[in-house]
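Comments concern the structure below.
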Amino acid sequence: MSDASDNLTVRALLRRLEQLNAIGIALSVETEPLKLLELILAGAQEMTNADGGTIYSVINDSELRFDLLRNGTLKLAMGGANRPPINYPPVQLTQADGTPNHASVVAHCVLSGSTINIPDAYHAHGFDFANTRAFDARTGYHSISILTVPMRNHENVITGVMQLINARDEQGATIPFDETVQRSIESLASQAAIALTKHELIEGMRTLFESFVQLIAAAIDEKSPYTGGHCRRVPELTMALAEATARTRQGPLAGFTMSDADRYELRIAAWIHDCGKITTPESVMDKATKLQTIYDRIGLIETRFEIIRRDHEIERLRDELQGRSLRTALEHDQATRSLEDDLAFLRRINQGGEFMKDEDVARVHAISRITWRGPEGVLLPLLTENEVRNLTIAKGTLLPEERRIINHHIVATIRMLEALPYPKHLKRVPEFAGGHHERMDGKGYPKGLTRDQMSVQARIMGIADIFEALTADDRPYKAAMRLSTALAILGRMACDGHIDPDLFVVFIREGVYLDYARRFLRPEQIDAVDLGTLPGYARSAALPAPDAAPTRSAG
């Protein structure tokens, strides 16, 4: 009989050890905090055959918050994933007079750091069970045996409390919690606290990393409010196009999918895709006009014109005093009007544009040959060589060497990102972020990659980067484009090997462009778009759009 009893005890211990190991494995795999808590409590109840259980979290070293509450007899399941919240007030660790709250079992457990095993709550001394008895009276329940265990992490800090109610024997009768079982629950509580702390540390590091990433974007924002807006909008557009692509079930992109880890990786890459711009001088990055450096030098030219005009006026007045003919006075007036016309012309072309006519370039050179008298009385050309070179920039506001400085930001981005020691799930961030200036035909920069050498994510970012830049209304060097104009340009890019044509089809067919426009564009920018004639999309009619999207317009 003794041997049989011993064998039964050994089997019970082995079963409990197996349960503890199984719970430990589950704890190491699960990443959701609420599910972790549910695993912990369910495992503890199973090991002790407890009817009820509660888990509390220590909050700000001042109170215990109810996280989970389970009771089999009462069929209560509160707190946790997809469960009703627990509306009970937290248990305070101090009383109203500021003294430690040793009257509460769970508070005493935290304050003393010890396990409390009560065989019968109705005959226990030293604790206030008024709330427990009130709960029993309200529900008809009868709380007898109570095991309260501190949840202590690897730093020996108590992060919570596990409380089990009414252990039962094989016949269902309530019994005290066995001391052997108590030690197993203490071990489980310790595992649980360590698992939760590990999760909090991982989440804390993740939050810190994301905050640091956004801090870089904020730093660029402070450096240049124009590119800062770009850094915030590109992630939104990137993720929208990526989600639309993942939904695609037809065409070359039908096999593209994303897990949550993939989404996180792409979002991080989108946030820091332009981090290299922090090395770009503001005088180049924000060059709003052709003559701008630290300031717009059109003001210097305006001063020279004013000097010439005043010299003409002085000369005309001298002629009048000397009785010169009216014809000479009219010639002076005509010269003044010509100067005003030339200045208006320089002001206009200083703004930059998509194209500069040959006759405008010739006129700049002609104006440069006009002279004015400097402070020392020496005749000087109206425009310096540098001013002529800037004013004759054919497209935009940047000189070739300034364009190279701008383009270098992607090299700086790649160098910065490749220097970071990424965890496995972020290994592709440099490739995603560093490829958004590459072209499908291999004519992009900095590596000259072709479409087949690029990931779908990098190609997605290329479209997002360009479309945001075309439609942005906060650039100092260009006006915001209307939606139809921006899409036409993007469509031509899809046709000439600049962007991925298949992704462009998804961008249009799934209405990504329109959703983005409604969120970020001014109402006057959102004009009607004829998708039937849109370059790069009209010829893809073989791929039918859901919900008649090809006829969709933004008007």
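Chains: A, B, ... in order of the structure tokens. Residues: from 1 per chain. Ligands: from 1, in order shown.
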Checklist entry - What residues in segment 212-461 of chain A get the DSSP label strand (DSSP E or B)? Please answer as a ChimeraX atom specification. => result /A:292,296,371-373,379-381,441,450
Keeping only C-alpha atoms, take the residues you just selected and write them out as an mmCIF file, in the first residue's frame.
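The resulting file, again.cif, is shown below:
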data_model
loop_
_atom_site.group_PDB
_atom_site.id
_atom_site.type_symbol
_atom_site.label_atom_id
_atom_site.label_comp_id
_atom_site.auth_asym_id
_atom_site.auth_seq_id
_atom_site.Cartn_x
_atom_site.Cartn_y
_atom_site.Cartn_z
ATOM 1 C CA GLN A 292 19.476 81.341 -53.982
ATOM 2 C CA ASP A 296 18.208 84.920 -52.931
ATOM 3 C CA THR A 371 27.070 97.628 -67.416
ATOM 4 C CA TRP A 372 26.620 99.587 -64.218
ATOM 5 C CA ARG A 373 28.981 101.827 -62.300
ATOM 6 C CA LEU A 379 31.940 99.901 -64.990
ATOM 7 C CA LEU A 380 30.949 96.332 -64.161
ATOM 8 C CA PRO A 381 28.773 93.736 -65.983
ATOM 9 C CA ASP A 441 16.192 50.012 -66.782
ATOM 10 C CA THR A 450 17.764 46.826 -62.782
#
I want to know what sits within 10 Å of Lys447 of chain A, based on only C-alpha atoms, with residues of the same chain fewer than 6 positions away left out; could you give that as a PDB file with N, CA, C and O atoms, in the first residue's frame?
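Written output follows (part.pdb):
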ATOM      1  N   VAL A 411      23.545  57.902 -51.161  1.00  0.00           N
ATOM      2  CA  VAL A 411      24.785  57.193 -50.813  1.00  0.00           C
ATOM      3  C   VAL A 411      25.009  57.280 -49.304  1.00  0.00           C
ATOM      4  O   VAL A 411      25.354  56.291 -48.648  1.00  0.00           O
ATOM      5  N   GLY A 434      17.536  52.033 -49.613  1.00  0.00           N
ATOM      6  CA  GLY A 434      18.588  52.526 -50.505  1.00  0.00           C
ATOM      7  C   GLY A 434      18.286  52.385 -51.973  1.00  0.00           C
ATOM      8  O   GLY A 434      19.070  52.856 -52.811  1.00  0.00           O
ATOM      9  N   GLY A 435      17.155  51.766 -52.326  1.00  0.00           N
ATOM     10  CA  GLY A 435      16.868  51.530 -53.735  1.00  0.00           C
ATOM     11  C   GLY A 435      15.835  52.441 -54.352  1.00  0.00           C
ATOM     12  O   GLY A 435      15.452  52.254 -55.511  1.00  0.00           O
ATOM     13  N   HIS A 437      15.915  55.372 -55.545  1.00  0.00           N
ATOM     14  CA  HIS A 437      16.319  56.202 -56.683  1.00  0.00           C
ATOM     15  C   HIS A 437      16.865  55.362 -57.841  1.00  0.00           C
ATOM     16  O   HIS A 437      17.382  55.914 -58.812  1.00  0.00           O
ATOM     17  N   GLU A 438      16.751  54.052 -57.723  1.00  0.00           N
ATOM     18  CA  GLU A 438      17.121  53.187 -58.841  1.00  0.00           C
ATOM     19  C   GLU A 438      15.990  53.178 -59.872  1.00  0.00           C
ATOM     20  O   GLU A 438      14.862  53.549 -59.576  1.00  0.00           O
ATOM     21  N   ARG A 439      16.322  52.762 -61.090  1.00  0.00           N
ATOM     22  CA  ARG A 439      15.338  52.669 -62.183  1.00  0.00           C
ATOM     23  C   ARG A 439      15.243  51.229 -62.662  1.00  0.00           C
ATOM     24  O   ARG A 439      16.177  50.451 -62.519  1.00  0.00           O
TER      25      ARG A 439
END
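Nearest to Arg415 of chain A of all the residues A:Gly396, A:Gly72, A:Gly276, A:Pro375 is A:Gly276, counting only C-alpha atoms.
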Checklist entry - Between A:Thr471, A:Ser338, A:Asn131, A:Ser104, which is the closest to Arg233 of chain A once you count only C-alpha atoms? => result A:Thr471
Checklist entry - Hey, which of A:Leu253, A:Leu490, A:Val213, A:Leu266 ends up closest to Met239 of chain A? Count only C-alpha atoms. => result A:Leu266
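Between atom CA of Ser145 of chain A and atom CA of Leu164 of chain A lies a distance of 8.2 Å.
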Spatial neighbours of segment 60-65 of chain A, 12 Å, only C-alpha atoms, chain gap at least 4 places, as an mmCIF file with N, CA, C and O atoms, in the first residue's frame:
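Done, and the output landed in out_16.cif:
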data_model
loop_
_atom_site.group_PDB
_atom_site.id
_atom_site.type_symbol
_atom_site.label_atom_id
_atom_site.label_comp_id
_atom_site.auth_asym_id
_atom_site.auth_seq_id
_atom_site.Cartn_x
_atom_site.Cartn_y
_atom_site.Cartn_z
ATOM 1 N N THR A 54 -6.680 34.839 -10.176
ATOM 2 C CA THR A 54 -6.568 36.257 -10.528
ATOM 3 C C THR A 54 -5.094 36.605 -10.691
ATOM 4 O O THR A 54 -4.259 36.091 -9.950
ATOM 5 N N ILE A 55 -4.806 37.443 -11.678
ATOM 6 C CA ILE A 55 -3.454 37.989 -11.819
ATOM 7 C C ILE A 55 -3.535 39.500 -11.704
ATOM 8 O O ILE A 55 -4.381 40.146 -12.326
ATOM 9 N N TYR A 56 -2.641 40.038 -10.876
ATOM 10 C CA TYR A 56 -2.537 41.478 -10.669
ATOM 11 C C TYR A 56 -1.182 41.955 -11.199
ATOM 12 O O TYR A 56 -0.193 41.213 -11.164
ATOM 13 N N LEU A 69 -9.171 37.677 -14.414
ATOM 14 C CA LEU A 69 -9.976 37.044 -13.371
ATOM 15 C C LEU A 69 -10.719 35.878 -14.014
ATOM 16 O O LEU A 69 -11.433 36.065 -15.005
ATOM 17 N N GLY A 79 -11.059 40.221 -18.318
ATOM 18 C CA GLY A 79 -9.700 40.656 -18.612
ATOM 19 C C GLY A 79 -9.048 39.720 -19.622
ATOM 20 O O GLY A 79 -9.459 38.578 -19.793
ATOM 21 N N PRO A 85 -13.701 43.822 -19.734
ATOM 22 C CA PRO A 85 -12.687 44.393 -18.830
ATOM 23 C C PRO A 85 -13.075 44.196 -17.373
ATOM 24 O O PRO A 85 -14.240 43.987 -17.038
ATOM 25 N N ILE A 86 -12.083 44.259 -16.501
ATOM 26 C CA ILE A 86 -12.320 44.156 -15.062
ATOM 27 C C ILE A 86 -12.457 45.575 -14.509
ATOM 28 O O ILE A 86 -11.520 46.374 -14.590
ATOM 29 N N ASN A 87 -13.607 45.862 -13.955
ATOM 30 C CA ASN A 87 -13.872 47.229 -13.483
ATOM 31 C C ASN A 87 -13.643 47.406 -11.989
ATOM 32 O O ASN A 87 -14.000 48.444 -11.423
ATOM 33 N N TYR A 88 -13.069 46.398 -11.337
ATOM 34 C CA TYR A 88 -12.806 46.521 -9.912
ATOM 35 C C TYR A 88 -11.704 47.560 -9.681
ATOM 36 O O TYR A 88 -10.751 47.657 -10.459
ATOM 37 N N PRO A 89 -11.806 48.327 -8.603
ATOM 38 C CA PRO A 89 -10.750 49.312 -8.313
ATOM 39 C C PRO A 89 -9.455 48.621 -7.942
ATOM 40 O O PRO A 89 -9.464 47.500 -7.403
ATOM 41 N N PRO A 90 -8.315 49.230 -8.229
ATOM 42 C CA PRO A 90 -7.029 48.614 -7.887
ATOM 43 C C PRO A 90 -6.858 48.502 -6.379
ATOM 44 O O PRO A 90 -7.448 49.250 -5.597
ATOM 45 N N VAL A 91 -6.015 47.565 -5.981
ATOM 46 C CA VAL A 91 -5.689 47.377 -4.562
ATOM 47 C C VAL A 91 -4.490 48.261 -4.231
ATOM 48 O O VAL A 91 -3.438 48.165 -4.862
ATOM 49 N N GLN A 92 -4.657 49.125 -3.248
ATOM 50 C CA GLN A 92 -3.588 50.054 -2.880
ATOM 51 C C GLN A 92 -2.552 49.371 -1.988
ATOM 52 O O GLN A 92 -2.899 48.563 -1.118
ATOM 53 N N LEU A 93 -1.293 49.702 -2.210
ATOM 54 C CA LEU A 93 -0.227 49.133 -1.386
ATOM 55 C C LEU A 93 -0.033 49.902 -0.083
ATOM 56 O O LEU A 93 0.664 49.433 0.819
ATOM 57 N N THR A 94 -0.645 51.071 -0.006
ATOM 58 C CA THR A 94 -0.608 51.838 1.256
ATOM 59 C C THR A 94 -2.029 52.198 1.643
ATOM 60 O O THR A 94 -2.916 52.327 0.789
ATOM 61 N N GLN A 95 -2.228 52.390 2.924
ATOM 62 C CA GLN A 95 -3.547 52.775 3.414
ATOM 63 C C GLN A 95 -3.695 54.299 3.375
ATOM 64 O O GLN A 95 -2.760 55.020 3.013
ATOM 65 N N GLY A 98 -1.075 56.424 4.870
ATOM 66 C CA GLY A 98 0.274 56.307 4.345
ATOM 67 C C GLY A 98 1.037 55.090 4.829
ATOM 68 O O GLY A 98 2.169 54.849 4.385
ATOM 69 N N THR A 99 0.451 54.302 5.724
ATOM 70 C CA THR A 99 1.132 53.108 6.236
ATOM 71 C C THR A 99 0.949 51.950 5.247
ATOM 72 O O THR A 99 -0.018 51.925 4.484
ATOM 73 N N PRO A 100 1.870 50.969 5.256
ATOM 74 C CA PRO A 100 1.746 49.828 4.338
ATOM 75 C C PRO A 100 0.444 49.069 4.557
ATOM 76 O O PRO A 100 -0.007 48.887 5.702
ATOM 77 N N ASN A 101 -0.131 48.611 3.473
ATOM 78 C CA ASN A 101 -1.427 47.928 3.532
ATOM 79 C C ASN A 101 -1.216 46.422 3.697
ATOM 80 O O ASN A 101 -1.374 45.649 2.752
ATOM 81 N N SER A 104 -4.463 43.682 3.307
ATOM 82 C CA SER A 104 -4.837 43.006 2.064
ATOM 83 C C SER A 104 -3.846 41.881 1.791
ATOM 84 O O SER A 104 -2.629 42.064 1.877
ATOM 85 N N VAL A 105 -4.353 40.697 1.443
ATOM 86 C CA VAL A 105 -3.490 39.553 1.187
ATOM 87 C C VAL A 105 -2.550 39.836 0.013
ATOM 88 O O VAL A 105 -1.341 39.604 0.095
ATOM 89 N N VAL A 106 -3.108 40.351 -1.094
ATOM 90 C CA VAL A 106 -2.275 40.563 -2.280
ATOM 91 C C VAL A 106 -1.285 41.704 -2.043
ATOM 92 O O VAL A 106 -0.136 41.647 -2.506
ATOM 93 N N ALA A 107 -1.699 42.746 -1.327
ATOM 94 C CA ALA A 107 -0.784 43.838 -1.021
ATOM 95 C C ALA A 107 0.337 43.345 -0.104
ATOM 96 O O ALA A 107 1.513 43.676 -0.301
ATOM 97 N N HIS A 108 -0.031 42.547 0.906
ATOM 98 C CA HIS A 108 0.984 41.995 1.820
ATOM 99 C C HIS A 108 1.961 41.099 1.060
ATOM 100 O O HIS A 108 3.170 41.081 1.362
ATOM 101 N N CYS A 109 1.456 40.373 0.087
ATOM 102 C CA CYS A 109 2.315 39.498 -0.722
ATOM 103 C C CYS A 109 3.405 40.316 -1.411
ATOM 104 O O CYS A 109 4.569 39.913 -1.440
ATOM 105 N N VAL A 110 3.032 41.480 -1.947
ATOM 106 C CA VAL A 110 4.009 42.347 -2.602
ATOM 107 C C VAL A 110 4.946 42.977 -1.591
ATOM 108 O O VAL A 110 6.174 42.998 -1.764
ATOM 109 N N LEU A 111 4.378 43.495 -0.505
ATOM 110 C CA LEU A 111 5.180 44.202 0.497
ATOM 111 C C LEU A 111 6.167 43.288 1.208
ATOM 112 O O LEU A 111 7.299 43.683 1.514
ATOM 113 N N PRO A 150 3.907 35.843 -5.167
ATOM 114 C CA PRO A 150 4.503 36.992 -5.856
ATOM 115 C C PRO A 150 5.145 36.557 -7.178
ATOM 116 O O PRO A 150 5.734 35.479 -7.270
ATOM 117 N N VAL A 157 12.665 41.698 -8.768
ATOM 118 C CA VAL A 157 11.637 42.723 -8.606
ATOM 119 C C VAL A 157 10.269 42.066 -8.753
ATOM 120 O O VAL A 157 10.033 41.300 -9.700
ATOM 121 N N ILE A 158 9.377 42.359 -7.828
ATOM 122 C CA ILE A 158 8.014 41.811 -7.893
ATOM 123 C C ILE A 158 7.204 42.665 -8.877
ATOM 124 O O ILE A 158 6.980 43.856 -8.648
ATOM 125 N N THR A 159 6.796 42.041 -9.962
ATOM 126 C CA THR A 159 6.053 42.764 -11.007
ATOM 127 C C THR A 159 4.559 42.487 -10.960
ATOM 128 O O THR A 159 3.790 43.169 -11.627
ATOM 129 N N GLY A 160 4.156 41.484 -10.192
ATOM 130 C CA GLY A 160 2.738 41.164 -10.115
ATOM 131 C C GLY A 160 2.472 40.121 -9.054
ATOM 132 O O GLY A 160 3.376 39.688 -8.316
ATOM 133 N N VAL A 161 1.215 39.694 -8.990
ATOM 134 C CA VAL A 161 0.789 38.692 -8.013
ATOM 135 C C VAL A 161 -0.167 37.726 -8.707
ATOM 136 O O VAL A 161 -1.024 38.129 -9.498
ATOM 137 N N MET A 162 0.008 36.441 -8.426
ATOM 138 C CA MET A 162 -0.937 35.423 -8.877
ATOM 139 C C MET A 162 -1.671 34.878 -7.660
ATOM 140 O O MET A 162 -1.040 34.480 -6.678
#
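The spacing separating atom CA of Ala394 of chain A from atom CA of Phe355 of chain A amounts to 5.6 Å.
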Checklist entry - Taking the backbone alone, and naming residues the way the document does, which bits of segment 224-385 of chain A are helix (DSSP H, G or I) by DSSP, as a PyMOL selection string? => result chain A and resi 225-247+260-271+275-279+282-285+298-321+326-349+358-368+385
